[in-house]
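Peer 1: Here it is, the structure in full.
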There are 2 protein chains.
Amino acid sequence: MSAHPRFSLNQATIKHASLAEAIAATRGADIQSIGVWREPVADIGLDAATRLIADSGLRVSSLCRGGFFTLQDGPERVAALDDNRRAIEETAALAAAGADGSAAVLVLVAGGLPAGSRDLIGARERVRDALGTLEPFAAQAGVTLAVEALHPMFAADRAVVSTLGQAIDLAADAGPSVGVVVDTYHLWWDPEVLTQIARAGELGRIASYQVCDWITPIPADSLLGRSVPGEGHIDFAPITAAVAAAGYTGDVECEIFHADVWARPYDDVARQVSDAFTRVVAPHL
Amino acid sequence: MSAHPRFSLNQATIKHASLAEAIAATRGADIQSIGVWREPVADIGLDAATRLIADSGLRVSSLCRGGFFTLQDGPERVAALDDNRRAIEETAALAAAGADGSAAVLVLVAGGLPAGSRDLIGARERVRDALGTLEPFAAQAGVTLAVEALHPMFAADRAVVSTLGQAIDLAADAGPSVGVVVDTYHLWWDPEVLTQIARAGELGRIASYQVCDWITPIPADSLLGRSVPGEGHIDFAPITAAVAAAGYTGDVECEIFHADVWARPYDDVARQVSDAFTRVVAPHL
C-alpha cells in the first residue's frame, strides 16, 4: 500500500532510531514527510541534520518539542526560554532544508507543576507569559509555535495545558505565530473537541494534526498507552472530518509511544503505521 | 482532633469493611456522616442496613452507586435501568434511616464505551436518555441523582461523562431531581472547573462534594492513584471556596481508592482522613 501524500511519520514512533535511520525508514515506506525530535538532531548537530533532511527529499512536518514553561522566575526559567529560542532556530533551519510544503512548526509541551507546587492557576499563567515572550521571536523566524494540550492525566507532572479550548485561548492571546496541535490521543474524550476544532479553524490556529489511538488498560507507565490508529477506542472519523472541515491542509503525523512498537524494526513500524493511517484516518480527510 | 461537622467518610476509603465495621470506624473517629456503597448493603440486606444506620445516629451523605447507562437497547440495558430503580429505592430507605440532614443522593457513574464500540457520542446520548427515564422515578422517591464526571483517563472503560460542564448539561436536561458530584480528584485539572462550579450552584445542581488528592506517578492500576487530601498535587482552596460560594451546604465526603489505605486498620484511616480534611479542606468551606 503506498503512503498517503499527507501522512507524516513522527520520529517518536520509532524512538530509538537515529535521524538517518528514521529518514531511511520513512523513505523506505514511501512516506513523504517526517516529524523530527530535537534529541536525535542534537546527537549529530543541526548542520548535519539539515543536510540529511535536504538530501532526503522529505518534508518536515514539525519539530518536537519546546516548552516547559511553568518554572517560577529565576535562572532555570531564563534557561528554558533560551532553549526555546534555540528550538525556534532549529525549526526554521530544518523546515528550510525540507521539501516544499515543510511546515516550520515547533510543538510545545507546557510543563507540569513545579516540584512542590500546587498552584495550577499560577503555572498556567506562566505558560501564557512565556508564549507572549517567545511569539515575536517565532514570528521573526517564520516559525509557528504549536501549543499541545496533553491529556488531563498529565496535568500534574507534564503539561498544565489540558484542553484544546485552553490551548486556543493561549494561542489567541499570544499572537498570530502561535497555534495549536490537535492530537486525537490527548483530546478524544473532550465533549467540546469538535466545537473547539471548528473554533481553532475559524481563528486559523490549527498548526498540526497528530493521530494516535487510546488503549486500555492504561499501562503501568502511563505515558505509553498509545497505539496504532484502529487498535484502540478512538473513532477517528468525526475528529478527522472536523479538522478537514476547519480548513487544515497540512501533514498529519502519527506519533505513538508504546514499548512494543519501539522494540520492532523501524521499517516494519513505518509501513504498519502508514497502512493504518490510509485505512483508518485518510478516508475522513 | 474532633471531626468537622460536615465531614463524611465515604465507605470506599475503607473498602474492605462491612457496613457495621464502617459505621464503627466512622463513629469511633467522631465523624457524623457516612457515604454508603451498595455492595456492603447487599451483603446484609437493605432492612438490616437501614437498622444499622438508624441505630448509628449517623447521617447518610450518599449511596454509591448507580449508573452504567451506555449499553445499547436490549435486555442488558433494561436490567441496568431496573437496577438503578432499586438503587433509588435503597437510597430513599437509607436516607430515611439516617440522622437529620441525610441527603438521599444516589451517585451515578455513566459507564464506558460498550465492548467493541468506538461511538463515544452515541454512548453519551444513551446516558442522557437513561437520566430522562429515571428522573421521574427519582423525583417520586425524593432522591437526587448525582451525575459524577470521572477523570478523562476513564472515558473509554468507565465513564463517558468527563467534565463538570457535561454533567451539568445532562442534569439540566434531565430535570430537577438530577444534580452533579463535584469531585476534586476527577475535576481538578479542568481549566473551567471554577466557572462550572459557579454555574452548577446557580442552577441548584450541586448534589455532592467529594475530596480526594491526585498523586503521581499514576499507579499500575490506574484506578488507585487517589490519596488523602494534602498528599498530592491538588490545591483544595480554590475548588472548596468555589463550592462554598456556589451555596453548597451539605456533607463533604472523602473517597479514596488506594491499596495502601485499604490495607490499614479502619479506625486509623478514618481518623487520618478526618484530620486531613480538617486541616486541608475545612478552612476553605
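Just so we're on the same page: first chain in the C-alpha cells is A, next is B, and so on; residues restart at 1 for each chain, and ligands are numbered from 1 in the order they show up.
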Give me the residues near segment 45-53 of chain B as a short mmCIF file (atom, residue, chain, number, x, y, z; two decimals) with C-alpha atoms, in the first residue's frame, where near means some atom within 9 Å (using only C-alpha atoms) and where sequence neighbours in that chain fewer than 2 positions away do not count.
Peer 2:
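The result, stored in around-v3.cif:
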```
data_model
loop_
_atom_site.label_atom_id
_atom_site.label_comp_id
_atom_site.auth_asym_id
_atom_site.auth_seq_id
_atom_site.Cartn_x
_atom_site.Cartn_y
_atom_site.Cartn_z
CA LEU B 19 -21.23 -1.76 56.87
CA ALA B 20 -21.14 -2.46 60.62
CA ILE B 23 -20.11 2.59 60.96
CA PRO B 40 -21.88 -3.89 51.67
CA VAL B 41 -25.60 -3.06 51.92
CA ALA B 42 -26.40 -6.01 49.66
CA ASP B 43 -24.16 -8.24 51.78
CA ASP B 55 -29.03 2.83 65.32
CA SER B 56 -25.79 4.59 64.44
CA GLY B 57 -27.08 8.14 64.67
CA LEU B 58 -25.05 8.96 61.55
CA ARG B 59 -26.22 10.96 58.58
CA VAL B 60 -26.05 9.28 55.19
CA GLU B 90 -32.27 1.87 48.56
CA ALA B 93 -34.59 3.97 52.59
CA LEU B 94 -31.05 4.60 53.83
CA ALA B 95 -31.50 8.39 53.87
CA ALA B 96 -34.78 7.99 55.80
CA ALA B 97 -32.93 5.86 58.36
CA GLY B 98 -30.10 8.37 58.66
CA ALA B 99 -29.98 11.24 61.12
#
```
Peer 1: For segment 264-274 of chain A, please output as a list in words all residues within 7 Å (counting only C-alpha atoms; exclusion window: fewer than 2 positions along the same chain).
Peer 2: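 Counting only C-alpha atoms, the residues come to Ala3, Ile14, Ala25, Thr26, Gly28, Ala29, Val228, Asp260, Val261, Trp262, Ala276, Phe277 and Thr278 of chain A.
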Peer 1: Okay, now the selection with C-alpha atoms, as a compact mmCIF listing (two decimals), in the first residue's frame?
Peer 2:
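New file result.txt:
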```txt
# COMPACT_ATOMS: atom_id res chain seq x y z
CA ALA A 3 1.62 6.01 1.77
CA ILE A 14 10.49 4.77 16.17
CA ALA A 25 12.56 4.02 7.39
CA THR A 26 10.32 6.89 6.29
CA GLY A 28 11.55 3.04 2.69
CA ALA A 29 7.83 3.10 3.38
CA VAL A 228 -1.64 2.48 16.11
CA ASP A 260 6.19 -2.90 21.92
CA VAL A 261 6.15 -0.54 18.92
CA TRP A 262 9.56 0.82 19.88
CA ALA A 276 -3.23 2.06 9.35
CA PHE A 277 -3.38 5.75 8.53
CA THR A 278 -4.51 5.05 4.98
```
Peer 1: Only residues of chain A matter here; which ones have an atom within 10 Å of chain B, counting only C-alpha atoms? Give them as JSON, numbers by chain.
Peer 2: {"A": [113, 115, 116, 117, 118, 119, 120, 121, 124, 151, 152, 153, 154, 155, 156, 157, 160, 161, 162, 163, 165, 166, 186, 187, 188, 189, 190, 191, 192, 214, 215, 216, 217, 218, 219, 220, 221, 222, 223, 230, 232, 233, 234, 235, 236, 238]}
Peer 1: When you count only C-alpha atoms, which of these residues is closest to His258 of chain A: A:Leu224, A:Ile206, A:Val36, A:Ala24?
Peer 2: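 Ranking A:Leu224, A:Ile206, A:Val36, A:Ala24 by distance to His258 of chain A, first place goes to A:Leu224.
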Peer 1: Which residues, written as an NGL selection string, have at least one atom at most 8 Å from Arg6 of chain B, with only C-alpha atoms counted and residues fewer than 4 positions away on the same chain left out?
Peer 2: :B and (32-33 or 250-252)
Peer 1: Find the residue from A:Pro114, A:Thr91, A:Gly74, A:Asp129 that sits nearest to Ala159 of chain A; use only C-alpha atoms when measuring.
Peer 2: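 Of all the options, A:Pro114 lies closest to Ala159 of chain A.
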Peer 1: DSSP on the backbone, then: every residue of segment 8-235 of chain A marked strand (DSSP E), written as an mmCIF file with N, CA and C atoms, in the first residue's frame.
Peer 2:
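Writing the result to result34.cif gives the following:
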```
data_model
loop_
_atom_site.group_PDB
_atom_site.id
_atom_site.type_symbol
_atom_site.label_atom_id
_atom_site.label_comp_id
_atom_site.auth_asym_id
_atom_site.auth_seq_id
_atom_site.Cartn_x
_atom_site.Cartn_y
_atom_site.Cartn_z
ATOM 1 N N SER A 8 2.624 11.787 7.723
ATOM 2 C CA SER A 8 3.980 12.048 8.229
ATOM 3 C C SER A 8 4.277 11.121 9.394
ATOM 4 N N LEU A 9 5.470 10.564 9.372
ATOM 5 C CA LEU A 9 5.895 9.697 10.474
ATOM 6 C C LEU A 9 6.590 10.535 11.535
ATOM 7 N N ASN A 10 5.967 10.649 12.692
ATOM 8 C CA ASN A 10 6.649 11.321 13.783
ATOM 9 C C ASN A 10 7.711 10.376 14.346
ATOM 10 N N SER A 33 6.877 12.672 4.440
ATOM 11 C CA SER A 33 7.063 13.710 5.460
ATOM 12 C C SER A 33 7.476 13.075 6.786
ATOM 13 N N ILE A 34 8.229 13.827 7.564
ATOM 14 C CA ILE A 34 8.700 13.318 8.852
ATOM 15 C C ILE A 34 8.560 14.392 9.926
ATOM 16 N N GLY A 35 8.140 13.971 11.119
ATOM 17 C CA GLY A 35 8.147 14.841 12.292
ATOM 18 C C GLY A 35 9.396 14.539 13.091
ATOM 19 N N VAL A 36 10.227 15.540 13.296
ATOM 20 C CA VAL A 36 11.563 15.345 13.851
ATOM 21 C C VAL A 36 11.573 15.701 15.337
ATOM 22 N N TRP A 37 12.392 14.990 16.105
ATOM 23 C CA TRP A 37 12.594 15.318 17.522
ATOM 24 C C TRP A 37 13.957 15.965 17.716
ATOM 25 N N ARG A 59 9.517 16.222 3.393
ATOM 26 C CA ARG A 59 9.053 17.405 4.118
ATOM 27 C C ARG A 59 9.293 17.196 5.612
ATOM 28 N N VAL A 60 9.424 18.305 6.315
ATOM 29 C CA VAL A 60 9.448 18.277 7.781
ATOM 30 C C VAL A 60 8.100 18.807 8.263
ATOM 31 N N SER A 61 7.367 17.984 8.990
ATOM 32 C CA SER A 61 6.022 18.417 9.411
ATOM 33 C C SER A 61 6.042 19.160 10.739
ATOM 34 N N SER A 62 7.035 18.885 11.579
ATOM 35 C CA SER A 62 7.168 19.619 12.845
ATOM 36 C C SER A 62 8.502 19.264 13.477
ATOM 37 N N LEU A 63 8.896 20.083 14.434
ATOM 38 C CA LEU A 63 9.979 19.713 15.347
ATOM 39 C C LEU A 63 9.356 19.577 16.735
ATOM 40 N N CYS A 64 9.666 18.469 17.394
ATOM 41 C CA CYS A 64 9.198 18.221 18.759
ATOM 42 C C CYS A 64 10.424 18.221 19.676
ATOM 43 N N ARG A 65 10.500 18.956 20.679
ATOM 44 C CA ARG A 65 9.496 19.845 21.144
ATOM 45 C C ARG A 65 10.142 20.846 22.077
ATOM 46 N N GLY A 66 9.517 21.997 22.152
ATOM 47 C CA GLY A 66 9.899 23.016 23.102
ATOM 48 C C GLY A 66 8.900 23.050 24.241
ATOM 49 N N GLY A 67 8.958 24.151 24.983
ATOM 50 C CA GLY A 67 8.000 24.341 26.058
ATOM 51 C C GLY A 67 8.635 24.249 27.425
ATOM 52 N N VAL A 105 6.976 24.261 12.127
ATOM 53 C CA VAL A 105 6.115 24.198 13.314
ATOM 54 C C VAL A 105 6.912 23.594 14.470
ATOM 55 N N LEU A 106 6.941 24.311 15.576
ATOM 56 C CA LEU A 106 7.580 23.801 16.783
ATOM 57 C C LEU A 106 6.492 23.415 17.782
ATOM 58 N N VAL A 107 6.436 22.137 18.102
ATOM 59 C CA VAL A 107 5.439 21.657 19.060
ATOM 60 C C VAL A 107 5.905 21.980 20.482
ATOM 61 N N LEU A 108 4.999 22.519 21.274
ATOM 62 C CA LEU A 108 5.316 22.946 22.644
ATOM 63 C C LEU A 108 4.498 22.162 23.657
ATOM 64 N N VAL A 109 5.184 21.610 24.642
ATOM 65 C CA VAL A 109 4.532 20.960 25.773
ATOM 66 C C VAL A 109 4.717 21.870 26.989
ATOM 67 N N THR A 144 5.885 28.768 13.437
ATOM 68 C CA THR A 144 4.656 28.723 14.223
ATOM 69 C C THR A 144 4.881 27.870 15.468
ATOM 70 N N LEU A 145 4.564 28.442 16.611
ATOM 71 C CA LEU A 145 4.608 27.691 17.869
ATOM 72 C C LEU A 145 3.275 26.967 18.038
ATOM 73 N N ALA A 146 3.327 25.664 18.216
ATOM 74 C CA ALA A 146 2.095 24.867 18.286
ATOM 75 C C ALA A 146 1.916 24.344 19.704
ATOM 76 N N VAL A 147 0.962 24.933 20.411
ATOM 77 C CA VAL A 147 0.697 24.541 21.796
ATOM 78 C C VAL A 147 -0.081 23.231 21.797
ATOM 79 N N GLU A 148 0.467 22.236 22.471
ATOM 80 C CA GLU A 148 -0.187 20.935 22.526
ATOM 81 C C GLU A 148 -0.834 20.742 23.894
ATOM 82 N N VAL A 178 1.366 31.822 17.023
ATOM 83 C CA VAL A 178 1.118 30.705 17.938
ATOM 84 C C VAL A 178 -0.171 29.995 17.520
ATOM 85 N N GLY A 179 -0.073 28.693 17.338
ATOM 86 C CA GLY A 179 -1.235 27.873 17.001
ATOM 87 C C GLY A 179 -1.367 26.727 17.979
ATOM 88 N N VAL A 180 -2.117 25.711 17.562
ATOM 89 C CA VAL A 180 -2.360 24.574 18.447
ATOM 90 C C VAL A 180 -2.136 23.262 17.696
ATOM 91 N N VAL A 181 -1.857 22.229 18.467
ATOM 92 C CA VAL A 181 -1.832 20.866 17.955
ATOM 93 C C VAL A 181 -3.181 20.219 18.279
ATOM 94 N N VAL A 182 -3.759 19.560 17.298
ATOM 95 C CA VAL A 182 -4.905 18.692 17.574
ATOM 96 C C VAL A 182 -4.367 17.263 17.597
ATOM 97 N N ASP A 183 -4.408 16.631 18.752
ATOM 98 C CA ASP A 183 -3.869 15.274 18.901
ATOM 99 C C ASP A 183 -4.985 14.372 19.418
ATOM 100 N N ILE A 206 -4.924 26.008 13.628
ATOM 101 C CA ILE A 206 -4.511 24.597 13.644
ATOM 102 C C ILE A 206 -3.148 24.481 12.971
ATOM 103 N N ALA A 207 -2.128 24.216 13.767
ATOM 104 C CA ALA A 207 -0.758 24.141 13.255
ATOM 105 C C ALA A 207 -0.307 22.710 13.027
ATOM 106 N N SER A 208 -0.982 21.751 13.617
ATOM 107 C CA SER A 208 -0.564 20.355 13.490
ATOM 108 C C SER A 208 -1.731 19.455 13.843
ATOM 109 N N TYR A 209 -1.827 18.339 13.117
ATOM 110 C CA TYR A 209 -2.807 17.312 13.466
ATOM 111 C C TYR A 209 -2.053 16.005 13.660
ATOM 112 N N GLN A 210 -2.166 15.440 14.851
ATOM 113 C CA GLN A 210 -1.465 14.200 15.184
ATOM 114 C C GLN A 210 -2.482 13.117 15.532
ATOM 115 N N VAL A 211 -2.253 11.914 15.022
ATOM 116 C CA VAL A 211 -3.180 10.813 15.286
ATOM 117 C C VAL A 211 -2.469 9.680 16.010
ATOM 118 N N ASP A 213 -3.887 6.235 18.847
ATOM 119 C CA ASP A 213 -5.075 5.651 19.472
ATOM 120 C C ASP A 213 -4.891 5.519 20.987
ATOM 121 N N TRP A 214 -6.010 5.433 21.686
ATOM 122 C CA TRP A 214 -6.045 5.271 23.156
ATOM 123 C C TRP A 214 -6.405 3.828 23.463
ATOM 124 N N ARG A 226 -0.324 4.392 24.137
ATOM 125 C CA ARG A 226 -0.696 4.911 22.815
ATOM 126 C C ARG A 226 -0.478 3.816 21.795
ATOM 127 N N SER A 227 -1.373 3.775 20.832
ATOM 128 C CA SER A 227 -1.212 2.712 19.847
ATOM 129 C C SER A 227 -1.588 3.177 18.452
#
```
Peer 1: So what do you get for atom CA of Val78 of chain B versus atom CA of Glu255 of chain B, distance-wise?
Peer 2: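 Computing the Euclidean distance for atom CA of Val78 of chain B and atom CA of Glu255 of chain B yields 29.6 Å.
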